[in-house]
Amino acid sequence: MAKKLRVGIIGAGGIAQAGHILGFQKVPGVEVAAICDPNFAKAGAVAKKFGIPKNFDDYRKVLEQKDINVISICSPNYFHKEQAIAALLSGRDVLCEKPVSMNSAETGEILKAVSQTGRKFMVAFPHRFSAVSIFLKKLISEGEFGQVYYARANCLRRRGIPGLGGWFTTKKLSGGGPLIDIGVHILDKTYWLMGAPKPISVTGVTFQKFKEVATDGGWPSLETRHPGDKYDGVFEVEDLAAAFIRFENGAALVLEASWAGNSETVMTYNLFGEKAGAREDTSGLTVFGEKGGVLTDMVASLPVVNVYDAEIKDFVSCIREDRPPSTTPAQVLAVSRMLEGVYKSAATGKEISL
Ligand SMILES: NC(=O)c1ccc[n+]([C@@H]2O[C@H](COP(=O)([O-])OP(=O)(O)OC[C@H]3O[C@@H](n4cnc5c(N)ncnc54)[C@H](O)[C@@H]3O)[C@@H](O)[C@H]2O)c1
């Protein structure tokens with residue numbers, strides 16, 4: 001019989017309510033046993049809404065619950081390091097929201113705790129679990145593309161700043177703007193599809209042009225907000241970032257991320273391989289190949305899956321089957337270092353060697 005898992009959720013906001021709680025509750029033999037939020041009334045309301053038996057105002061109280069064996073971290077980025085390390089050292093397996101931490105030094109500390117404890121640790125990158133990602137990863141792993149030597153990746157919003165005036169736009173709580181918030185998704189996915197080569201240098205720029213005319217992007221959704229949540233703060237992060245990343249194997253990646261900018265709203269990437277290429281955008285996946293001397297465009301017909309559910313199901317399977325999570329320590333650290341490199345390069349105006 002599958003091992004019974006009891007999950008404690010840290011942070012009762014948008015992603016806990018839209019992704020983690022329901023994702024865990026859908027897996028047979030998994031119970032969401034407790035939730036915490038410093039906004040205690042919110043923890044209580046969310047516990048009631050989802051039928052979670054215990055709620056607390058502090059994550060340490062969740063860790064005191066002896067029957068909890070899995071922790072899911074859904075708090076603002078600033079708290080991930082402390083909470084992930086405490087959860088790992090207390091013997092729990094951990095699913096941690098992206099970005100894993102504020103910078104690569106913090107990520108290194110978390111990964112040290114992972115290797116000390118041998119617990120499962122996965123970073124929540126749901127886009128790795130779409131049907132397109134799984135199909136493309138298989139094709140690339142089987143050599144259908146040859147080396148993927150160049151990629152373009154972007155996650156652009158025309159107007160849409162999450163939690164405007166809250167922790168998302170407060171640098172000491174978020175670590176940055178769209179780059180670390182949504183750029184991280186498309187960076188991780190593209191880099192992973194490229195075969196996770198070792199990054200060696202980064203050139204980056206950041207801009208902040210919409211501070212005075214910023215509009216809230218509708219995330220976290222109104223039904224997941226609660227009286228006591230604060231959105232009256234500052235906007236002190238970038239609203240657009242772009243980067244050029246070089247890898248040890250000679251490959252390169254161009255990355256763009258924005259919360260606001262005069263462009264289309266889109267999440268897309270192109271992969272350029274020696275034998276084939278691919279593009280995924282809102283209309284789906286196209287694989288650019290060649291057959292019988294003719295250039296071909298294959299449009300893949302794939303189901304739409306709930307990527308949060310798929311990610312959480314996979315994490316539970318990793319625990320039950322005792323296999324490594326999809327995000328390896330080397331990949332988690334590489335993504336952290338690339339993000340940090342972009343911010344350092346933007347601040348200094350120089351290319352950063354990783
Ligand atoms: N994977 C995804 O697609 C995705 C989507 C959105 C957000 N996220 C990530 O999830 C995390 C949470 O984002 P969100 O959108 O749910 O934000 P949110 O503001 O909706 O929720 C965060 C919650 O954490 C609570 N909180 C504040 N300090 C805390 C602490 N010290 N301990 C525990 N809880 C604390 C807040 O009161 C709030 O209820 C962030 O790291 C974010 O980057 C991931």
# chains A, B, ... in the order shown; residues from 1 in each chain; ligands from 1
call {"tool": "residues_near_ligand", "arguments": {"ligand": "ligand 1", "cutoff": "7 Å", "atoms": "only C-alpha atoms and all ligand atoms", "output": "PyMOL selection string"}}
result
chain A and resi 10-16+36-39+42+58-59+74-77+79+97-99+124-126+163+167+181+219-220+224-225+229
call {"tool": "write_last_selection", "arguments": {"atoms": "N, CA and C atoms", "output": "compact mmCIF listing (two decimals), in the first residue's frame"}}
result
# COMPACT_ATOMS: atom_id res chain seq x y z
N ILE A 10 2.93 25.92 4.07
CA ILE A 10 3.43 27.17 4.67
C ILE A 10 3.07 28.32 3.74
N GLY A 11 2.16 29.18 4.18
CA GLY A 11 1.69 30.29 3.35
C GLY A 11 0.35 29.91 2.74
N ALA A 12 -0.68 30.75 2.99
CA ALA A 12 -2.05 30.40 2.57
C ALA A 12 -2.56 31.30 1.44
N GLY A 13 -1.64 31.77 0.58
CA GLY A 13 -2.02 32.74 -0.44
C GLY A 13 -2.43 32.12 -1.77
N GLY A 14 -2.14 32.86 -2.84
CA GLY A 14 -2.62 32.51 -4.17
C GLY A 14 -2.19 31.13 -4.63
N ILE A 15 -0.90 30.82 -4.55
CA ILE A 15 -0.45 29.54 -5.13
C ILE A 15 -0.83 28.36 -4.23
N ALA A 16 -0.91 28.61 -2.92
CA ALA A 16 -1.37 27.53 -2.03
C ALA A 16 -2.80 27.15 -2.40
N CYS A 36 -0.34 27.20 7.59
CA CYS A 36 -0.03 28.35 8.44
C CYS A 36 0.11 29.61 7.60
N ASP A 37 -0.12 30.73 8.25
CA ASP A 37 0.07 32.03 7.61
C ASP A 37 0.15 33.05 8.75
N PRO A 38 1.10 34.00 8.67
CA PRO A 38 1.15 35.01 9.73
C PRO A 38 -0.15 35.81 9.81
N ASN A 39 -0.88 35.89 8.70
CA ASN A 39 -2.24 36.44 8.73
C ASN A 39 -3.13 35.27 9.20
N LYS A 42 -6.52 34.53 7.94
CA LYS A 42 -6.48 33.95 6.59
C LYS A 42 -6.21 32.45 6.65
N ASP A 58 2.35 30.41 12.49
CA ASP A 58 3.82 30.37 12.36
C ASP A 58 4.23 28.99 11.83
N TYR A 59 5.18 28.97 10.90
CA TYR A 59 5.56 27.68 10.30
C TYR A 59 6.18 26.73 11.31
N CYS A 74 4.89 27.84 0.32
CA CYS A 74 4.14 28.76 -0.55
C CYS A 74 4.18 30.18 0.01
N SER A 75 5.27 30.53 0.66
CA SER A 75 5.41 31.85 1.28
C SER A 75 6.17 32.78 0.32
N PRO A 76 6.24 34.08 0.62
CA PRO A 76 7.06 34.98 -0.20
C PRO A 76 8.53 34.51 -0.24
N ASN A 77 9.21 34.84 -1.35
CA ASN A 77 10.54 34.31 -1.63
C ASN A 77 11.54 34.47 -0.47
N PHE A 79 11.32 34.13 2.58
CA PHE A 79 11.22 33.16 3.68
C PHE A 79 11.60 31.74 3.26
N GLU A 97 8.26 26.48 -3.53
CA GLU A 97 7.90 27.32 -4.66
C GLU A 97 9.13 28.00 -5.27
N LYS A 98 9.00 28.35 -6.53
CA LYS A 98 10.02 29.13 -7.22
C LYS A 98 9.88 30.58 -6.85
N PRO A 99 10.88 31.40 -6.94
CA PRO A 99 12.28 31.02 -7.06
C PRO A 99 12.70 30.35 -5.76
N ALA A 124 9.23 23.96 -7.31
CA ALA A 124 7.97 23.90 -8.05
C ALA A 124 8.11 24.62 -9.40
N PHE A 125 8.43 23.84 -10.43
CA PHE A 125 8.46 24.36 -11.80
C PHE A 125 7.40 23.60 -12.61
N PRO A 126 6.13 24.02 -12.48
CA PRO A 126 5.04 23.24 -13.08
C PRO A 126 5.14 23.11 -14.60
N GLY A 163 0.51 41.46 -7.31
CA GLY A 163 0.52 41.96 -5.94
C GLY A 163 1.10 43.35 -5.83
N TRP A 167 4.35 42.18 -1.33
CA TRP A 167 5.71 41.63 -1.23
C TRP A 167 6.35 41.44 -2.61
N ASP A 181 10.46 36.29 -10.92
CA ASP A 181 9.08 35.82 -10.69
C ASP A 181 8.57 34.94 -11.83
N TRP A 219 -3.06 39.00 -9.96
CA TRP A 219 -2.53 37.89 -9.17
C TRP A 219 -1.94 38.47 -7.90
N PRO A 220 -2.14 37.87 -6.74
CA PRO A 220 -3.04 36.77 -6.44
C PRO A 220 -4.49 37.18 -6.68
N THR A 224 -8.40 34.78 -3.43
CA THR A 224 -7.37 34.21 -2.55
C THR A 224 -6.77 35.26 -1.61
N ARG A 225 -7.18 36.51 -1.75
CA ARG A 225 -6.69 37.56 -0.84
C ARG A 225 -7.59 37.61 0.39
N ASP A 229 -4.06 41.33 4.33
CA ASP A 229 -2.99 41.27 3.32
C ASP A 229 -2.66 42.71 2.93
call {"tool": "closest_atom_pairs", "arguments": {"of": "stretch 124-183 of chain A", "to": "stretch 246-265 of chain A", "cutoff": "6 Å", "atoms": "only C-alpha atoms", "output": "CSV"}}
result
residue,atom,partner,partner_atom,distance
A:Tyr149,CA,A:Ala251,CA,4.2
A:Tyr150,CA,A:Ala252,CA,5.0
A:Ala151,CA,A:Leu253,CA,4.7
A:Arg152,CA,A:Val254,CA,4.8
A:Ala153,CA,A:Leu255,CA,4.9
A:Asn154,CA,A:Glu256,CA,4.6
A:Cys155,CA,A:Ala257,CA,4.8
A:Leu156,CA,A:Ser258,CA,4.7
A:Arg157,CA,A:Thr265,CA,4.3
A:Arg158,CA,A:Ala260,CA,4.7
A:Arg159,CA,A:Ala260,CA,4.3
A:Gly160,CA,A:Trp259,CA,5.3
A:Ile161,CA,A:Trp259,CA,5.2
A:Pro178,CA,A:Ser258,CA,5.3
A:Leu179,CA,A:Ala257,CA,5.5
A:Gly183,CA,A:Ala257,CA,4.9
call {"tool": "closest_residue", "arguments": {"among": "A:Ile180, A:Val132, A:Ala330, A:Ala278", "to": "A:Pro303", "atoms": "only C-alpha atoms"}}
result
A:Val132
call {"tool": "residues_around", "arguments": {"residues": "stretch 274-277 of chain A", "least_positions_apart": "4", "cutoff": "9 Å", "atoms": "only C-alpha atoms", "output": "ChimeraX atom specification"}}
result
/A:143-149,270,286-290
call {"tool": "write_last_selection", "arguments": {"atoms": "C-alpha atoms", "output": "compact mmCIF listing (two decimals), in the first residue's frame"}}
result
# COMPACT_ATOMS: atom_id res chain seq x y z
CA GLY A 143 18.64 12.68 -30.13
CA GLU A 144 15.97 13.89 -32.59
CA PHE A 145 17.24 17.49 -32.35
CA GLY A 146 20.99 16.87 -32.18
CA GLN A 147 22.61 19.47 -29.93
CA VAL A 148 20.28 22.33 -29.00
CA TYR A 149 22.83 25.10 -29.48
CA ASN A 270 12.31 28.62 -29.69
CA THR A 286 5.59 23.25 -33.76
CA VAL A 287 8.62 21.06 -34.47
CA PHE A 288 10.70 22.25 -37.44
CA GLY A 289 12.35 19.28 -39.14
CA GLU A 290 13.34 17.79 -42.47
call {"tool": "residues_around", "arguments": {"residues": "stretch 192-204 of chain A", "least_positions_apart": "4", "cutoff": "6 Å", "atoms": "only C-alpha atoms", "output": "PyMOL selection string"}}
result
chain A and resi 137+148+188+242-248+341-342+345-346+351-354
call {"tool": "atom_distance", "arguments": {"atom1": "atom CA of A:Phe121", "atom2": "atom CA of A:Ser141"}}
result
23.7 Å
call {"tool": "select_by_dssp", "arguments": {"residues": "stretch 144-344 of chain A", "states": "helix (DSSP H, G or I)", "output": "mmCIF file with C-alpha atoms, in the first residue's frame"}}
result
data_model
loop_
_atom_site.group_PDB
_atom_site.id
_atom_site.type_symbol
_atom_site.label_atom_id
_atom_site.label_comp_id
_atom_site.auth_asym_id
_atom_site.auth_seq_id
_atom_site.Cartn_x
_atom_site.Cartn_y
_atom_site.Cartn_z
ATOM 1 C CA TRP A 167 5.713 41.631 -1.232
ATOM 2 C CA PHE A 168 6.137 40.936 -5.008
ATOM 3 C CA THR A 169 7.199 44.554 -5.605
ATOM 4 C CA LYS A 171 12.822 43.972 -3.195
ATOM 5 C CA LYS A 172 13.842 42.627 0.199
ATOM 6 C CA LEU A 173 10.907 40.191 0.168
ATOM 7 C CA SER A 174 10.944 39.170 -3.512
ATOM 8 C CA PRO A 178 9.551 39.707 -13.470
ATOM 9 C CA LEU A 179 12.938 38.050 -13.986
ATOM 10 C CA ILE A 180 12.889 36.169 -10.681
ATOM 11 C CA ASP A 181 9.081 35.824 -10.692
ATOM 12 C CA ILE A 182 8.046 34.662 -14.177
ATOM 13 C CA GLY A 183 11.311 34.756 -16.174
ATOM 14 C CA VAL A 184 12.446 31.936 -13.876
ATOM 15 C CA HIS A 185 9.713 29.646 -15.273
ATOM 16 C CA ILE A 186 10.685 30.050 -18.917
ATOM 17 C CA LEU A 187 14.413 30.096 -18.075
ATOM 18 C CA ASP A 188 14.167 26.830 -16.145
ATOM 19 C CA LYS A 189 12.049 25.141 -18.799
ATOM 20 C CA THR A 190 14.210 26.194 -21.758
ATOM 21 C CA TYR A 191 17.504 25.454 -20.009
ATOM 22 C CA TRP A 192 16.152 22.027 -18.939
ATOM 23 C CA LEU A 193 15.002 21.252 -22.503
ATOM 24 C CA LEU A 222 -9.167 38.434 -5.380
ATOM 25 C CA GLU A 223 -10.742 35.276 -3.981
ATOM 26 C CA THR A 224 -7.368 34.209 -2.546
ATOM 27 C CA VAL A 307 0.455 21.384 -14.585
ATOM 28 C CA TYR A 308 0.162 22.032 -10.826
ATOM 29 C CA ASP A 309 -1.608 18.701 -10.330
ATOM 30 C CA ALA A 310 0.963 16.927 -12.521
ATOM 31 C CA GLU A 311 3.874 18.503 -10.636
ATOM 32 C CA ILE A 312 2.484 17.554 -7.216
ATOM 33 C CA LYS A 313 1.605 14.029 -8.338
ATOM 34 C CA ASP A 314 5.177 13.623 -9.562
ATOM 35 C CA PHE A 315 6.618 14.929 -6.277
ATOM 36 C CA VAL A 316 4.498 12.452 -4.298
ATOM 37 C CA SER A 317 5.684 9.639 -6.604
ATOM 38 C CA CYS A 318 9.315 10.662 -5.994
ATOM 39 C CA ILE A 319 8.753 10.192 -2.260
ATOM 40 C CA ARG A 320 6.854 6.929 -2.590
ATOM 41 C CA GLU A 321 9.141 5.408 -5.211
ATOM 42 C CA PRO A 329 20.578 20.192 -7.116
ATOM 43 C CA ALA A 330 22.907 21.169 -10.000
ATOM 44 C CA GLN A 331 19.963 22.526 -12.018
ATOM 45 C CA VAL A 332 18.482 24.380 -9.043
ATOM 46 C CA LEU A 333 21.830 26.065 -8.368
ATOM 47 C CA ALA A 334 22.441 26.853 -12.044
ATOM 48 C CA VAL A 335 19.079 28.626 -12.370
ATOM 49 C CA SER A 336 19.791 30.641 -9.210
ATOM 50 C CA ARG A 337 23.215 31.635 -10.523
ATOM 51 C CA MET A 338 21.854 32.693 -13.912
ATOM 52 C CA LEU A 339 19.190 34.914 -12.303
ATOM 53 C CA GLU A 340 21.730 36.436 -9.950
ATOM 54 C CA GLY A 341 24.113 36.971 -12.878
ATOM 55 C CA VAL A 342 21.475 38.975 -14.777
ATOM 56 C CA TYR A 343 20.890 41.276 -11.794
ATOM 57 C CA LYS A 344 24.647 41.692 -11.198
#
call {"tool": "closest_residue", "arguments": {"among": "A:Gly273, A:Ala86, A:Val304, A:Phe207", "to": "A:Ala347", "atoms": "only C-alpha atoms"}}
result
A:Phe207
call {"tool": "residues_around", "arguments": {"residues": "A:Glu238", "least_positions_apart": "3", "cutoff": "6 Å", "atoms": "only C-alpha atoms", "output": "PyMOL selection string"}}
result
chain A and resi 177+206-208
call {"tool": "write_last_selection", "arguments": {"atoms": "C-alpha atoms", "output": "PDB file, in the first residue's frame"}}
result
ATOM      1  CA  GLY A 177      10.676  41.657 -10.379  1.00  0.00           C
ATOM      2  CA  THR A 206      16.790  45.607 -16.345  1.00  0.00           C
ATOM      3  CA  PHE A 207      14.347  48.496 -16.729  1.00  0.00           C
ATOM      4  CA  GLN A 208      11.751  50.141 -14.553  1.00  0.00           C
TER       5      GLN A 208
END
call {"tool": "closest_residue", "arguments": {"among": "A:Thr215, A:Gln25, A:Asn69, A:Thr117", "to": "A:Leu164", "atoms": "only C-alpha atoms"}}
result
A:Thr215
call {"tool": "residues_around", "arguments": {"residues": "A:Ser101", "least_positions_apart": "4", "cutoff": "6 Å", "atoms": "only C-alpha atoms", "output": "list of chain:residue names"}}
result
A:Asn77, A:His80, A:Lys81, A:Thr107
call {"tool": "decode", "arguments": {"residues": "stretch 37-84 of chain A", "atoms": "N, CA and C atoms", "output": "compact mmCIF listing (two decimals), in the first residue's frame"}}
result
# COMPACT_ATOMS: atom_id res chain seq x y z
N ASP A 37 -0.12 30.73 8.25
CA ASP A 37 0.07 32.03 7.61
C ASP A 37 0.15 33.05 8.75
N PRO A 38 1.10 34.00 8.67
CA PRO A 38 1.15 35.01 9.73
C PRO A 38 -0.15 35.81 9.81
N ASN A 39 -0.88 35.89 8.70
CA ASN A 39 -2.24 36.44 8.73
C ASN A 39 -3.13 35.27 9.20
N PHE A 40 -3.26 35.17 10.54
CA PHE A 40 -3.86 33.97 11.14
C PHE A 40 -5.31 33.79 10.72
N ALA A 41 -6.03 34.92 10.59
CA ALA A 41 -7.44 34.83 10.17
C ALA A 41 -7.51 34.20 8.77
N LYS A 42 -6.52 34.53 7.94
CA LYS A 42 -6.48 33.95 6.59
C LYS A 42 -6.21 32.45 6.65
N ALA A 43 -5.25 32.06 7.51
CA ALA A 43 -4.96 30.62 7.67
C ALA A 43 -6.23 29.88 8.07
N GLY A 44 -6.99 30.48 8.98
CA GLY A 44 -8.24 29.86 9.46
C GLY A 44 -9.27 29.77 8.35
N ALA A 45 -9.42 30.86 7.61
CA ALA A 45 -10.42 30.89 6.53
C ALA A 45 -10.07 29.88 5.44
N VAL A 46 -8.79 29.79 5.11
CA VAL A 46 -8.37 28.86 4.04
C VAL A 46 -8.50 27.41 4.54
N ALA A 47 -8.18 27.19 5.81
CA ALA A 47 -8.33 25.84 6.38
C ALA A 47 -9.79 25.40 6.27
N LYS A 48 -10.70 26.33 6.61
CA LYS A 48 -12.13 26.01 6.56
C LYS A 48 -12.57 25.74 5.11
N LYS A 49 -12.12 26.60 4.21
CA LYS A 49 -12.52 26.48 2.80
C LYS A 49 -12.12 25.13 2.20
N PHE A 50 -10.92 24.64 2.59
CA PHE A 50 -10.41 23.41 1.97
C PHE A 50 -10.48 22.19 2.90
N GLY A 51 -11.10 22.35 4.07
CA GLY A 51 -11.23 21.22 5.00
C GLY A 51 -9.90 20.75 5.57
N ILE A 52 -9.04 21.71 5.93
CA ILE A 52 -7.73 21.36 6.52
C ILE A 52 -7.88 21.40 8.05
N PRO A 53 -7.55 20.30 8.74
CA PRO A 53 -7.89 20.21 10.17
C PRO A 53 -7.18 21.22 11.08
N LYS A 54 -5.92 21.59 10.78
CA LYS A 54 -5.21 22.47 11.72
C LYS A 54 -4.70 23.73 11.01
N ASN A 55 -4.73 24.84 11.73
CA ASN A 55 -4.13 26.06 11.15
C ASN A 55 -3.37 26.82 12.22
N PHE A 56 -2.28 27.46 11.78
CA PHE A 56 -1.37 28.14 12.71
C PHE A 56 -0.95 29.49 12.12
N ASP A 57 -0.29 30.28 13.00
CA ASP A 57 0.20 31.59 12.55
C ASP A 57 1.72 31.58 12.29
N ASP A 58 2.35 30.41 12.49
CA ASP A 58 3.82 30.37 12.36
C ASP A 58 4.23 28.99 11.83
N TYR A 59 5.18 28.97 10.90
CA TYR A 59 5.56 27.68 10.30
C TYR A 59 6.18 26.73 11.31
N ARG A 60 6.80 27.29 12.35
CA ARG A 60 7.43 26.41 13.36
C ARG A 60 6.39 25.52 14.05
N LYS A 61 5.17 26.04 14.16
CA LYS A 61 4.11 25.25 14.78
C LYS A 61 3.69 24.09 13.87
N VAL A 62 3.81 24.30 12.57
CA VAL A 62 3.53 23.20 11.63
C VAL A 62 4.60 22.12 11.79
N LEU A 63 5.85 22.57 11.90
CA LEU A 63 6.95 21.60 12.04
C LEU A 63 6.86 20.82 13.35
N GLU A 64 6.20 21.39 14.36
CA GLU A 64 6.03 20.68 15.65
C GLU A 64 5.05 19.51 15.53
N GLN A 65 4.24 19.49 14.47
CA GLN A 65 3.24 18.41 14.32
C GLN A 65 3.97 17.13 13.85
N LYS A 66 4.07 16.19 14.75
CA LYS A 66 4.91 14.99 14.50
C LYS A 66 4.39 14.14 13.33
N ASP A 67 3.07 14.19 13.09
CA ASP A 67 2.53 13.31 12.04
C ASP A 67 2.71 13.88 10.62
N ILE A 68 3.23 15.10 10.53
CA ILE A 68 3.42 15.70 9.19
C ILE A 68 4.76 15.26 8.62
N ASN A 69 4.73 14.67 7.40
CA ASN A 69 6.01 14.22 6.82
C ASN A 69 6.41 14.96 5.54
N VAL A 70 5.54 15.85 5.05
CA VAL A 70 5.87 16.61 3.83
C VAL A 70 5.54 18.09 4.07
N ILE A 71 6.42 18.96 3.61
CA ILE A 71 6.17 20.41 3.74
C ILE A 71 6.15 21.03 2.35
N SER A 72 5.17 21.90 2.17
CA SER A 72 5.03 22.59 0.90
C SER A 72 5.18 24.09 1.18
N ILE A 73 6.17 24.71 0.58
CA ILE A 73 6.48 26.12 0.91
C ILE A 73 5.86 27.05 -0.14
N CYS A 74 4.89 27.84 0.32
CA CYS A 74 4.14 28.76 -0.55
C CYS A 74 4.18 30.18 0.01
N SER A 75 5.27 30.53 0.66
CA SER A 75 5.41 31.85 1.28
C SER A 75 6.17 32.78 0.32
N PRO A 76 6.24 34.08 0.62
CA PRO A 76 7.06 34.98 -0.20
C PRO A 76 8.53 34.51 -0.24
N ASN A 77 9.21 34.84 -1.35
CA ASN A 77 10.54 34.31 -1.63
C ASN A 77 11.54 34.47 -0.47
N TYR A 78 11.47 35.60 0.21
CA TYR A 78 12.43 35.90 1.28
C TYR A 78 12.46 34.80 2.34
N PHE A 79 11.32 34.13 2.58
CA PHE A 79 11.22 33.16 3.68
C PHE A 79 11.60 31.74 3.26
N HIS A 80 11.80 31.50 1.97
CA HIS A 80 12.01 30.13 1.50
C HIS A 80 13.23 29.47 2.15
N LYS A 81 14.34 30.21 2.20
CA LYS A 81 15.58 29.60 2.71
C LYS A 81 15.40 29.09 4.13
N GLU A 82 14.98 29.98 5.02
CA GLU A 82 14.85 29.60 6.43
C GLU A 82 13.85 28.42 6.59
N GLN A 83 12.73 28.54 5.89
CA GLN A 83 11.68 27.52 6.07
C GLN A 83 12.08 26.18 5.44
N ALA A 84 12.75 26.25 4.28
CA ALA A 84 13.17 25.00 3.62
C ALA A 84 14.21 24.28 4.49
